[in-house]
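A.B. asks: Below is the file query.tsv, which contains TSV, C-alpha atoms.
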```tsv
chain	number	residue	atom	x	y	z
E	39	MET	CA	80.85	95.23	93.98
E	40	ARG	CA	82.15	98.55	95.37
E	41	VAL	CA	85.85	98.39	96.26
E	42	LEU	CA	88.08	100.83	98.07
E	43	LEU	CA	91.79	100.35	97.32
E	44	VAL	CA	94.25	101.83	99.84
E	45	ASP	CA	97.98	101.91	99.15
E	46	ASP	CA	100.56	104.70	99.44
E	47	GLU	CA	101.82	103.85	95.94
E	48	GLU	CA	99.56	106.01	93.79
E	49	GLU	CA	100.72	104.50	90.47
E	50	LEU	CA	99.79	101.08	91.82
E	51	VAL	CA	96.29	101.77	93.13
E	52	SER	CA	95.29	104.00	90.21
E	53	ALA	CA	96.27	101.32	87.63
E	54	LEU	CA	94.67	98.57	89.69
E	55	ALA	CA	91.45	100.57	90.04
E	56	GLU	CA	91.36	101.13	86.28
E	57	ARG	CA	91.84	97.42	85.60
E	58	LEU	CA	89.05	96.51	88.03
E	59	SER	CA	86.79	99.14	86.43
E	60	LEU	CA	87.43	97.59	83.02
E	61	ARG	CA	86.04	94.38	84.52
E	62	GLY	CA	82.85	96.08	85.66
E	63	ILE	CA	83.89	96.59	89.30
E	64	ASP	CA	83.24	99.97	90.92
E	65	ALA	CA	86.76	100.69	92.22
E	66	ASP	CA	87.84	103.79	94.07
E	67	TRP	CA	91.30	104.49	95.49
E	68	VAL	CA	93.14	106.61	98.06
E	69	CYS	CA	96.82	106.81	99.04
E	70	THR	CA	96.54	107.47	102.76
E	71	CYS	CA	94.80	105.87	105.70
E	72	TYR	CA	93.24	109.20	106.63
E	73	GLY	CA	91.99	109.52	103.05
E	74	ALA	CA	90.31	106.13	103.40
E	75	LEU	CA	88.61	107.15	106.64
E	76	GLU	CA	87.28	110.28	104.92
E	77	ARG	CA	86.17	108.45	101.77
E	78	VAL	CA	83.95	105.99	103.64
E	79	GLU	CA	82.09	108.96	105.12
E	80	VAL	CA	80.82	109.95	101.67
E	81	LYS	CA	80.60	106.63	99.82
E	82	THR	CA	79.59	103.10	100.74
E	83	PHE	CA	81.96	100.24	99.93
E	84	ASP	CA	81.46	96.50	100.16
E	85	ILE	CA	85.12	95.69	100.51
E	86	ALA	CA	88.48	97.38	101.11
E	87	VAL	CA	91.84	96.17	99.82
E	88	LEU	CA	94.50	97.46	102.21
E	89	ASP	CA	98.27	97.56	102.01
E	90	VAL	CA	99.64	96.23	105.31
E	91	LYS	CA	102.55	98.71	105.55
E	92	MET	CA	101.60	102.33	105.04
E	93	PRO	CA	102.95	105.60	106.43
E	94	LYS	CA	101.65	106.81	109.78
E	95	MET	CA	99.06	104.02	110.22
E	96	SER	CA	99.29	100.33	109.36
E	97	GLY	CA	96.70	98.58	107.22
E	98	LEU	CA	95.76	96.50	110.25
E	99	GLU	CA	95.02	99.60	112.33
E	100	LEU	CA	93.13	101.11	109.40
E	101	LYS	CA	90.98	97.97	109.16
E	102	ARG	CA	89.99	98.33	112.82
E	103	ARG	CA	89.08	101.98	112.33
E	104	LEU	CA	87.14	101.32	109.11
E	105	GLN	CA	85.28	98.48	110.79
E	106	GLU	CA	84.07	100.86	113.49
E	107	LYS	CA	82.58	103.11	110.80
E	108	CYS	CA	81.43	100.34	108.42
E	109	PRO	CA	80.72	97.13	110.38
E	110	ASP	CA	79.65	95.20	107.25
E	111	MET	CA	82.75	96.00	105.23
E	112	LYS	CA	85.00	93.07	104.22
E	113	PHE	CA	88.77	93.27	103.96
E	114	ILE	CA	91.67	91.93	101.96
E	115	PHE	CA	95.28	92.63	102.92
E	116	VAL	CA	98.08	93.13	100.46
E	117	THR	CA	101.76	93.23	101.30
E	118	GLY	CA	105.05	93.58	99.50
E	119	HIS	CA	107.00	91.76	102.19
E	120	GLY	CA	105.24	88.47	102.68
E	121	SER	CA	107.09	88.26	105.99
E	122	GLU	CA	106.13	85.84	108.72
E	123	ASP	CA	105.08	88.68	111.05
E	124	ASP	CA	102.86	90.32	108.44
E	125	PHE	CA	101.29	86.97	107.62
E	126	ARG	CA	100.47	86.20	111.25
E	127	ALA	CA	99.01	89.66	111.83
E	128	ALA	CA	96.88	89.56	108.69
E	129	LEU	CA	95.81	86.00	109.49
E	130	THR	CA	94.42	87.17	112.82
E	131	GLU	CA	92.63	90.11	111.21
E	132	ALA	CA	91.24	88.64	108.02
E	133	GLY	CA	92.10	84.95	107.73
E	134	THR	CA	94.69	83.37	105.48
E	135	ALA	CA	92.40	83.37	102.43
E	136	TYR	CA	92.34	87.17	102.31
E	137	TYR	CA	96.03	87.93	102.38
E	138	LEU	CA	97.80	88.56	99.06
E	139	VAL	CA	101.43	89.26	98.20
E	140	LYS	CA	102.49	91.83	95.58
E	141	PRO	CA	102.70	91.77	92.59
E	142	LEU	CA	99.01	90.88	92.39
E	143	ASN	CA	97.25	88.61	89.94
E	144	ILE	CA	94.07	90.51	89.12
E	145	GLN	CA	91.94	87.40	88.71
E	146	THR	CA	93.12	86.07	92.08
E	147	LEU	CA	92.24	89.41	93.65
E	148	ILE	CA	88.75	89.38	92.09
E	149	ASP	CA	88.21	85.76	93.22
E	150	LYS	CA	89.32	86.61	96.76
E	151	MET	CA	87.06	89.65	96.87
E	152	SER	CA	84.09	87.55	95.72
E	153	GLN	CA	84.88	84.89	98.32
E	154	ALA	CA	85.19	87.50	101.06
E	155	LEU	CA	81.83	89.00	100.15
E	156	LYS	CA	80.16	85.58	100.17
E	157	GLY	CA	81.83	84.54	103.42
K	181	MET	CA	136.01	91.21	124.29
K	182	SER	CA	134.01	88.29	122.96
K	183	GLY	CA	130.82	89.77	124.48
K	184	LYS	CA	131.46	93.08	122.69
K	185	CYS	CA	132.15	91.26	119.42
K	186	ASP	CA	128.89	89.35	119.81
K	187	ILE	CA	126.93	92.57	120.37
K	188	ILE	CA	128.62	94.37	117.48
K	189	GLY	CA	128.01	91.34	115.22
K	190	GLU	CA	124.36	91.02	116.22
K	191	THR	CA	123.76	94.76	115.88
K	192	GLY	CA	125.36	94.72	112.43
K	193	LEU	CA	123.29	91.75	111.29
K	194	ARG	CA	120.10	93.40	112.51
K	195	PHE	CA	121.01	96.60	110.65
K	196	TYR	CA	121.80	94.61	107.51
K	197	GLY	CA	118.55	92.65	107.73
K	198	LYS	CA	116.39	95.69	108.44
K	199	THR	CA	117.91	97.60	105.53
K	200	ALA	CA	117.61	94.66	103.12
K	201	ALA	CA	113.96	94.13	104.13
K	202	SER	CA	113.12	97.79	103.61
K	203	LEU	CA	114.84	97.97	100.21
K	204	SER	CA	113.27	94.71	99.05
K	205	HIS	CA	109.85	96.08	100.02
K	206	GLU	CA	110.49	99.09	97.78
K	207	ILE	CA	111.52	96.85	94.90
K	208	LYS	CA	108.34	94.83	95.38
K	209	ASN	CA	106.32	98.03	95.08
K	210	ALA	CA	108.10	99.00	91.86
K	211	LEU	CA	107.46	95.50	90.47
K	212	ALA	CA	103.81	95.67	91.52
K	213	ILE	CA	103.37	98.95	89.61
K	214	ILE	CA	105.09	97.49	86.54
K	215	ASN	CA	102.79	94.47	86.86
K	216	GLU	CA	99.60	96.58	86.92
K	217	ASN	CA	100.71	98.76	84.02
K	218	ALA	CA	101.68	95.69	81.97
K	219	GLY	CA	98.24	94.33	82.85
K	220	LEU	CA	96.64	97.53	81.61
K	221	LEU	CA	98.53	97.23	78.31
K	222	LYS	CA	97.27	93.66	78.00
K	223	ASP	CA	93.71	94.78	78.79
K	224	PHE	CA	93.86	97.50	76.11
K	225	THR	CA	95.31	95.05	73.58
K	226	LEU	CA	92.47	92.60	74.24
K	227	MET	CA	89.95	95.44	73.96
K	228	SER	CA	91.46	96.51	70.65
K	229	LYS	CA	91.04	92.95	69.36
K	230	GLU	CA	87.36	93.39	70.17
K	231	GLY	CA	87.32	96.49	67.98
K	232	LEU	CA	87.88	99.29	70.52
K	233	PRO	CA	90.41	101.89	69.26
K	234	LEU	CA	93.82	102.17	70.95
K	235	ASP	CA	94.82	105.58	72.30
K	236	PRO	CA	98.52	106.14	71.46
K	237	GLU	CA	98.87	108.89	74.09
K	238	ARG	CA	97.55	106.55	76.77
K	239	LEU	CA	99.91	103.78	75.68
K	240	MET	CA	102.83	106.23	75.76
K	241	SER	CA	101.89	107.34	79.27
K	242	ILE	CA	101.75	103.73	80.51
K	243	ALA	CA	105.11	102.94	78.90
K	244	GLU	CA	106.62	105.98	80.64
K	245	LYS	CA	105.24	104.82	83.98
K	246	VAL	CA	106.86	101.42	83.45
K	247	MET	CA	110.19	103.05	82.57
K	248	THR	CA	110.00	105.27	85.66
K	249	GLN	CA	109.55	102.20	87.86
K	250	VAL	CA	112.40	100.37	86.11
K	251	ARG	CA	114.65	103.37	86.89
K	252	ARG	CA	113.38	103.39	90.47
K	253	ALA	CA	114.07	99.67	90.95
K	254	ASN	CA	117.46	100.04	89.30
K	255	GLY	CA	118.36	102.82	91.76
K	256	ILE	CA	117.26	100.68	94.72
K	257	VAL	CA	119.30	97.70	93.50
K	258	ALA	CA	122.33	99.99	93.00
K	259	ASN	CA	121.95	101.16	96.61
K	260	MET	CA	121.62	97.56	97.82
K	261	ASN	CA	124.83	96.71	96.01
K	262	LYS	CA	126.65	99.74	97.42
K	263	PHE	CA	125.41	98.85	100.90
K	264	ALA	CA	126.53	95.22	100.52
K	265	HIS	CA	130.01	96.41	99.50
K	266	SER	CA	130.31	98.64	102.57
K	267	VAL	CA	131.58	95.58	104.49
K	268	ASP	CA	134.41	94.97	102.00
K	269	GLU	CA	137.01	96.99	103.91
K	270	SER	CA	137.14	97.28	107.67
K	271	VAL	CA	138.92	100.64	107.54
K	272	LYS	CA	138.94	103.15	104.70
K	273	ASP	CA	138.74	106.85	103.88
K	274	VAL	CA	135.14	107.97	103.66
K	275	ASP	CA	133.38	111.21	102.81
K	276	LEU	CA	131.19	111.78	105.86
K	277	GLY	CA	128.65	113.89	103.96
K	278	GLU	CA	128.29	111.11	101.42
K	279	ILE	CA	127.76	108.54	104.21
K	280	LEU	CA	125.02	110.70	105.74
K	281	GLU	CA	123.27	111.09	102.39
K	282	PHE	CA	123.51	107.36	101.81
K	283	VAL	CA	122.13	106.40	105.24
K	284	ALA	CA	119.34	108.96	104.75
K	285	THR	CA	118.52	107.37	101.39
K	286	LEU	CA	118.47	103.89	102.96
K	287	SER	CA	116.25	105.17	105.80
K	288	ARG	CA	113.82	107.17	103.67
K	289	ARG	CA	111.09	104.53	103.59
K	290	LEU	CA	111.30	103.92	107.34
K	291	ALA	CA	111.17	107.69	107.88
K	292	SER	CA	108.13	107.98	105.64
K	293	MET	CA	106.39	105.23	107.66
K	294	ARG	CA	106.81	107.47	110.71
K	295	GLY	CA	105.78	110.61	108.83
K	296	VAL	CA	109.25	112.12	109.30
K	297	ALA	CA	111.28	113.86	106.57
K	298	LEU	CA	115.07	113.58	106.39
K	299	GLU	CA	117.30	116.41	105.23
K	300	PRO	CA	121.00	115.67	104.85
K	301	ARG	CA	122.89	118.93	104.34
K	302	ARG	CA	126.48	119.68	103.43
K	303	VAL	CA	128.00	122.63	105.24
K	304	THR	CA	131.56	122.24	103.98
K	305	SER	CA	132.55	120.75	100.65
K	306	SER	CA	134.00	117.48	101.90
K	307	VAL	CA	134.74	115.97	105.31
K	308	THR	CA	136.96	112.92	105.01
K	309	ILE	CA	137.72	110.56	107.88
K	310	THR	CA	139.38	107.15	108.09
K	311	THR	CA	136.98	104.73	109.71
K	312	ASN	CA	135.00	101.51	109.48
K	313	PRO	CA	132.29	102.42	106.94
K	314	PHE	CA	129.82	99.71	107.95
K	315	PHE	CA	130.05	100.42	111.68
K	316	LEU	CA	129.68	104.12	110.94
K	317	GLN	CA	126.58	103.55	108.80
K	318	ASN	CA	125.18	101.34	111.56
K	319	LEU	CA	125.80	103.94	114.26
K	320	VAL	CA	124.41	106.80	112.15
K	321	SER	CA	121.35	104.68	111.41
K	322	LEU	CA	120.78	103.91	115.12
K	323	CYS	CA	121.13	107.59	116.01
K	324	LEU	CA	118.80	108.52	113.17
K	325	ASP	CA	116.26	105.94	114.31
K	326	PHE	CA	116.29	107.44	117.79
K	327	ALA	CA	116.18	111.00	116.40
K	328	MET	CA	113.15	110.21	114.21
K	329	ASP	CA	111.24	108.71	117.13
K	330	ALA	CA	112.10	111.69	119.32
K	331	ALA	CA	111.23	114.25	116.63
K	332	GLY	CA	107.82	112.71	115.95
K	333	GLU	CA	105.35	112.80	113.08
K	334	GLY	CA	105.39	115.77	110.72
K	335	LYS	CA	108.92	116.85	111.65
K	336	THR	CA	112.15	117.10	109.63
K	337	VAL	CA	115.40	115.68	110.96
K	338	GLY	CA	118.48	117.37	109.51
K	339	LEU	CA	121.86	115.64	109.23
K	340	VAL	CA	125.00	117.72	108.91
K	341	ALA	CA	128.65	116.69	108.58
K	342	GLU	CA	131.16	119.18	109.95
K	343	GLU	CA	134.93	119.18	110.18
K	344	THR	CA	136.46	119.65	113.63
K	345	GLU	CA	140.00	120.14	114.89
K	346	ASN	CA	140.49	116.44	115.61
K	347	GLY	CA	138.19	114.90	113.09
K	348	ALA	CA	134.55	115.44	112.34
K	349	ARG	CA	131.11	115.55	113.83
K	350	VAL	CA	127.60	114.70	112.74
K	351	ARG	CA	124.72	116.80	114.00
K	352	PHE	CA	121.21	115.34	113.98
K	353	MET	CA	119.08	118.45	114.13
K	354	GLY	CA	115.42	119.25	114.67
K	355	VAL	CA	115.07	116.60	117.35
K	356	GLY	CA	112.54	118.30	119.59
K	357	GLY	CA	111.16	116.15	122.35
K	358	LEU	CA	114.57	114.77	123.33
K	359	ALA	CA	114.01	115.63	126.97
K	360	GLU	CA	110.94	113.39	127.08
K	361	VAL	CA	112.50	110.33	125.49
K	362	VAL	CA	116.13	110.37	126.54
K	363	GLY	CA	116.88	108.39	129.67
K	364	ASP	CA	118.69	105.18	130.41
K	365	THR	CA	117.70	103.68	127.06
K	366	PHE	CA	119.87	105.78	124.73
K	367	PRO	CA	122.67	105.37	123.99
K	368	ALA	CA	122.19	101.68	124.82
K	369	ASN	CA	124.91	99.06	125.01
K	370	ARG	CA	124.96	98.51	121.24
K	371	GLU	CA	125.49	102.22	120.52
K	372	LYS	CA	128.14	102.43	123.26
K	373	ILE	CA	130.10	99.53	121.77
K	374	LEU	CA	129.92	101.03	118.28
K	375	LEU	CA	131.04	104.39	119.69
K	376	GLU	CA	134.01	102.65	121.28
K	377	ALA	CA	134.88	100.79	118.07
K	378	LEU	CA	134.75	104.03	116.09
K	379	ARG	CA	136.53	106.06	118.80
K	380	ALA	CA	133.56	108.36	118.83
K	381	GLN	CA	131.46	110.22	121.37
K	382	LEU	CA	127.79	111.02	121.44
K	383	VAL	CA	126.29	114.03	123.15
K	384	VAL	CA	122.56	114.44	123.57
K	385	ASP	CA	121.77	118.16	123.68
K	386	THR	CA	118.17	118.30	124.84
K	387	GLU	CA	118.13	122.11	124.90
K	388	ALA	CA	119.21	122.50	121.27
K	389	GLY	CA	117.22	119.45	120.18
K	390	GLU	CA	120.33	117.84	118.72
K	391	LEU	CA	122.35	114.66	118.85
K	392	VAL	CA	126.02	115.36	118.23
K	393	LEU	CA	128.24	112.49	117.17
K	394	THR	CA	131.94	113.33	117.33
K	395	LEU	CA	134.22	111.13	115.22
K	396	SER	CA	137.98	110.62	115.15
K	397	ARG	CA	139.85	111.63	112.02
K	398	ASP	CA	141.47	108.20	111.93
K	399	ILE	CA	140.44	105.13	113.98
K	400	HIS	CA	143.86	103.40	113.59
```
Have the structure of the file written as structure tokens, please.
C.D. replies:
Amino acid sequence: MRVLLVDDEEELVSALAERLSLRGIDADWVCTCYGALERVEVKTFDIAVLDVKMPKMSGLELKRRLQEKCPDMKFIFVTGHGSEDDFRAALTEAGTAYYLVKPLNIQTLIDKMSQALKG
Amino acid sequence: MSGKCDIIGETGLRFYGKTAASLSHEIKNALAIINENAGLLKDFTLMSKEGLPLDPERLMSIAEKVMTQVRRANGIVANMNKFAHSVDESVKDVDLGEILEFVATLSRRLASMRGVALEPRRVTSSVTITTNPFFLQNLVSLCLDFAMDAAGEGKTVGLVAEETENGARVRFMGVGGLAEVVGDTFPANREKILLEALRAQLVVDTEAGELVLTLSRDIH
């Protein structure tokens, strides 16, 4: 499983990527939406885990742009808010099963990623 | 009068809600980082039980990251508390420069979402006025919101408090693009009612790229 983690909190994505790597998952991370769009040009990912609220471009907009470049890529949304609006937007984009609220449980994240890839 | 009170109340509640949501989002991020670093410590402990050596330097670095996030969250909670107490007194003496720095701190995340930097500056040592601190924070925040949208991504909006003959003024600087966005929408009714309550005036200087908020020395 090749995962791209995108969140503007560097300390969060770097630690999460390390924890996923310790579990045998090929995890890469970037802190900006533009960084994500560049990374997929040079590396193939099966799934992207996107923060919903990021500077300059939302995770939802990023998903649409990534999908144009990588039509087979799956997505999971992560948010700190858990607000009704975020939930509805993510529901439309990825379905309720693939929307997680911070702080994350790593096993739940891995399970959701596996489900998304099977689905 | 009741209509104005309703608008001022609704505007205040929206400001309160928006600020609380933004600050709580930041706390969530700090907690999420603490969570991942605690998880890493747990992973390393489990690995050491399997016979892999622990790296003390690595453990120290993770502990420091946790402490940094605890300090960050503590600062955010302190700001939330200060903000909550700004409704305690309807009129009090306030340091205008301090208010600008505080509103800029509260708005930093929303500014970052837009790719805008905020730069509160102090020209004189202290500018004190007697006013309603919550209404003033609300009005400054609304002006700042407008200024950030007008300035656009990649720009820096400066905030300066200056003493005047009859009170004080706040200048929102670096607001290029005012001519394109200013029209019938700003100042809207909510800003106008807050201006009236604070006995203040707002001038939009499209040529200089500035919003100038003039405040009375004492609203009594």
A.B. asks: Select, from K:Ala200, K:Leu234, K:Leu382, K:Ile373, the residue with the minimum atom-to-atom distance to chain E, counting all atoms listed in the file.
C.D. replies: K:Ala200
A.B. asks: With all atoms listed in the file considered, list every residue of chain E at most 7 Å from chain K, as a PyMOL selection string.
C.D. replies: chain E and resi 49-50+53-54+57+92-94+118-119+140-142
A.B. asks: Might you pull out every residue within 12 Å of segment 66-72 of chain E, with only C-alpha atoms counted and same-chain residues fewer than 5 positions away left off, and present them as a PDB file with C-alpha atoms, in the coordinates of the input?
C.D. replies:
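Now in selection-v8.pdb:
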```
ATOM      1  CA  MET E  39      80.850  95.230  93.980  1.00  0.00           C
ATOM      2  CA  ARG E  40      82.150  98.550  95.370  1.00  0.00           C
ATOM      3  CA  VAL E  41      85.850  98.390  96.260  1.00  0.00           C
ATOM      4  CA  LEU E  42      88.080 100.830  98.070  1.00  0.00           C
ATOM      5  CA  LEU E  43      91.790 100.350  97.320  1.00  0.00           C
ATOM      6  CA  VAL E  44      94.250 101.830  99.840  1.00  0.00           C
ATOM      7  CA  ASP E  45      97.980 101.910  99.150  1.00  0.00           C
ATOM      8  CA  ASP E  46     100.560 104.700  99.440  1.00  0.00           C
ATOM      9  CA  GLU E  47     101.820 103.850  95.940  1.00  0.00           C
ATOM     10  CA  GLU E  48      99.560 106.010  93.790  1.00  0.00           C
ATOM     11  CA  GLU E  49     100.720 104.500  90.470  1.00  0.00           C
ATOM     12  CA  LEU E  50      99.790 101.080  91.820  1.00  0.00           C
ATOM     13  CA  VAL E  51      96.290 101.770  93.130  1.00  0.00           C
ATOM     14  CA  SER E  52      95.290 104.000  90.210  1.00  0.00           C
ATOM     15  CA  ALA E  53      96.270 101.320  87.630  1.00  0.00           C
ATOM     16  CA  LEU E  54      94.670  98.570  89.690  1.00  0.00           C
ATOM     17  CA  ALA E  55      91.450 100.570  90.040  1.00  0.00           C
ATOM     18  CA  GLU E  56      91.360 101.130  86.280  1.00  0.00           C
ATOM     19  CA  ARG E  57      91.840  97.420  85.600  1.00  0.00           C
ATOM     20  CA  LEU E  58      89.050  96.510  88.030  1.00  0.00           C
ATOM     21  CA  SER E  59      86.790  99.140  86.430  1.00  0.00           C
ATOM     22  CA  ARG E  77      86.170 108.450 101.770  1.00  0.00           C
ATOM     23  CA  VAL E  78      83.950 105.990 103.640  1.00  0.00           C
ATOM     24  CA  GLU E  79      82.090 108.960 105.120  1.00  0.00           C
ATOM     25  CA  LYS E  81      80.600 106.630  99.820  1.00  0.00           C
ATOM     26  CA  THR E  82      79.590 103.100 100.740  1.00  0.00           C
ATOM     27  CA  PHE E  83      81.960 100.240  99.930  1.00  0.00           C
ATOM     28  CA  ASP E  84      81.460  96.500 100.160  1.00  0.00           C
ATOM     29  CA  ILE E  85      85.120  95.690 100.510  1.00  0.00           C
ATOM     30  CA  ALA E  86      88.480  97.380 101.110  1.00  0.00           C
ATOM     31  CA  VAL E  87      91.840  96.170  99.820  1.00  0.00           C
ATOM     32  CA  LEU E  88      94.500  97.460 102.210  1.00  0.00           C
ATOM     33  CA  ASP E  89      98.270  97.560 102.010  1.00  0.00           C
ATOM     34  CA  VAL E  90      99.640  96.230 105.310  1.00  0.00           C
ATOM     35  CA  LYS E  91     102.550  98.710 105.550  1.00  0.00           C
ATOM     36  CA  MET E  92     101.600 102.330 105.040  1.00  0.00           C
ATOM     37  CA  PRO E  93     102.950 105.600 106.430  1.00  0.00           C
ATOM     38  CA  LYS E  94     101.650 106.810 109.780  1.00  0.00           C
ATOM     39  CA  MET E  95      99.060 104.020 110.220  1.00  0.00           C
ATOM     40  CA  SER E  96      99.290 100.330 109.360  1.00  0.00           C
ATOM     41  CA  GLY E  97      96.700  98.580 107.220  1.00  0.00           C
ATOM     42  CA  LEU E  98      95.760  96.500 110.250  1.00  0.00           C
ATOM     43  CA  GLU E  99      95.020  99.600 112.330  1.00  0.00           C
ATOM     44  CA  LEU E 100      93.130 101.110 109.400  1.00  0.00           C
ATOM     45  CA  LYS E 101      90.980  97.970 109.160  1.00  0.00           C
ATOM     46  CA  ARG E 102      89.990  98.330 112.820  1.00  0.00           C
ATOM     47  CA  ARG E 103      89.080 101.980 112.330  1.00  0.00           C
ATOM     48  CA  LEU E 104      87.140 101.320 109.110  1.00  0.00           C
TER      49      LEU E 104
ATOM     50  CA  SER K 292     108.130 107.980 105.640  1.00  0.00           C
ATOM     51  CA  MET K 293     106.390 105.230 107.660  1.00  0.00           C
ATOM     52  CA  GLY K 295     105.780 110.610 108.830  1.00  0.00           C
TER      53      GLY K 295
END
```
A.B. asks: In Å, rounded to a single decimal, give me how far atom CA of Glu299 of chain K is from atom CA of Ala284 of chain K.
C.D. replies: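 Between atom CA of Ala284 of chain K and atom CA of Glu299 of chain K the gap is 7.7 Å.
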A.B. asks: Between atom CA of Thr394 of chain K and atom CA of Val271 of chain K, what is the spacing in Å?
C.D. replies: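 Atom CA of Thr394 of chain K lies 17.5 Å from atom CA of Val271 of chain K.
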A.B. asks: Take atom CA of Tyr137 of chain E and atom CA of Ile114 of chain E and report the distance between them in Å, one decimal.
C.D. replies: 5.9 Å
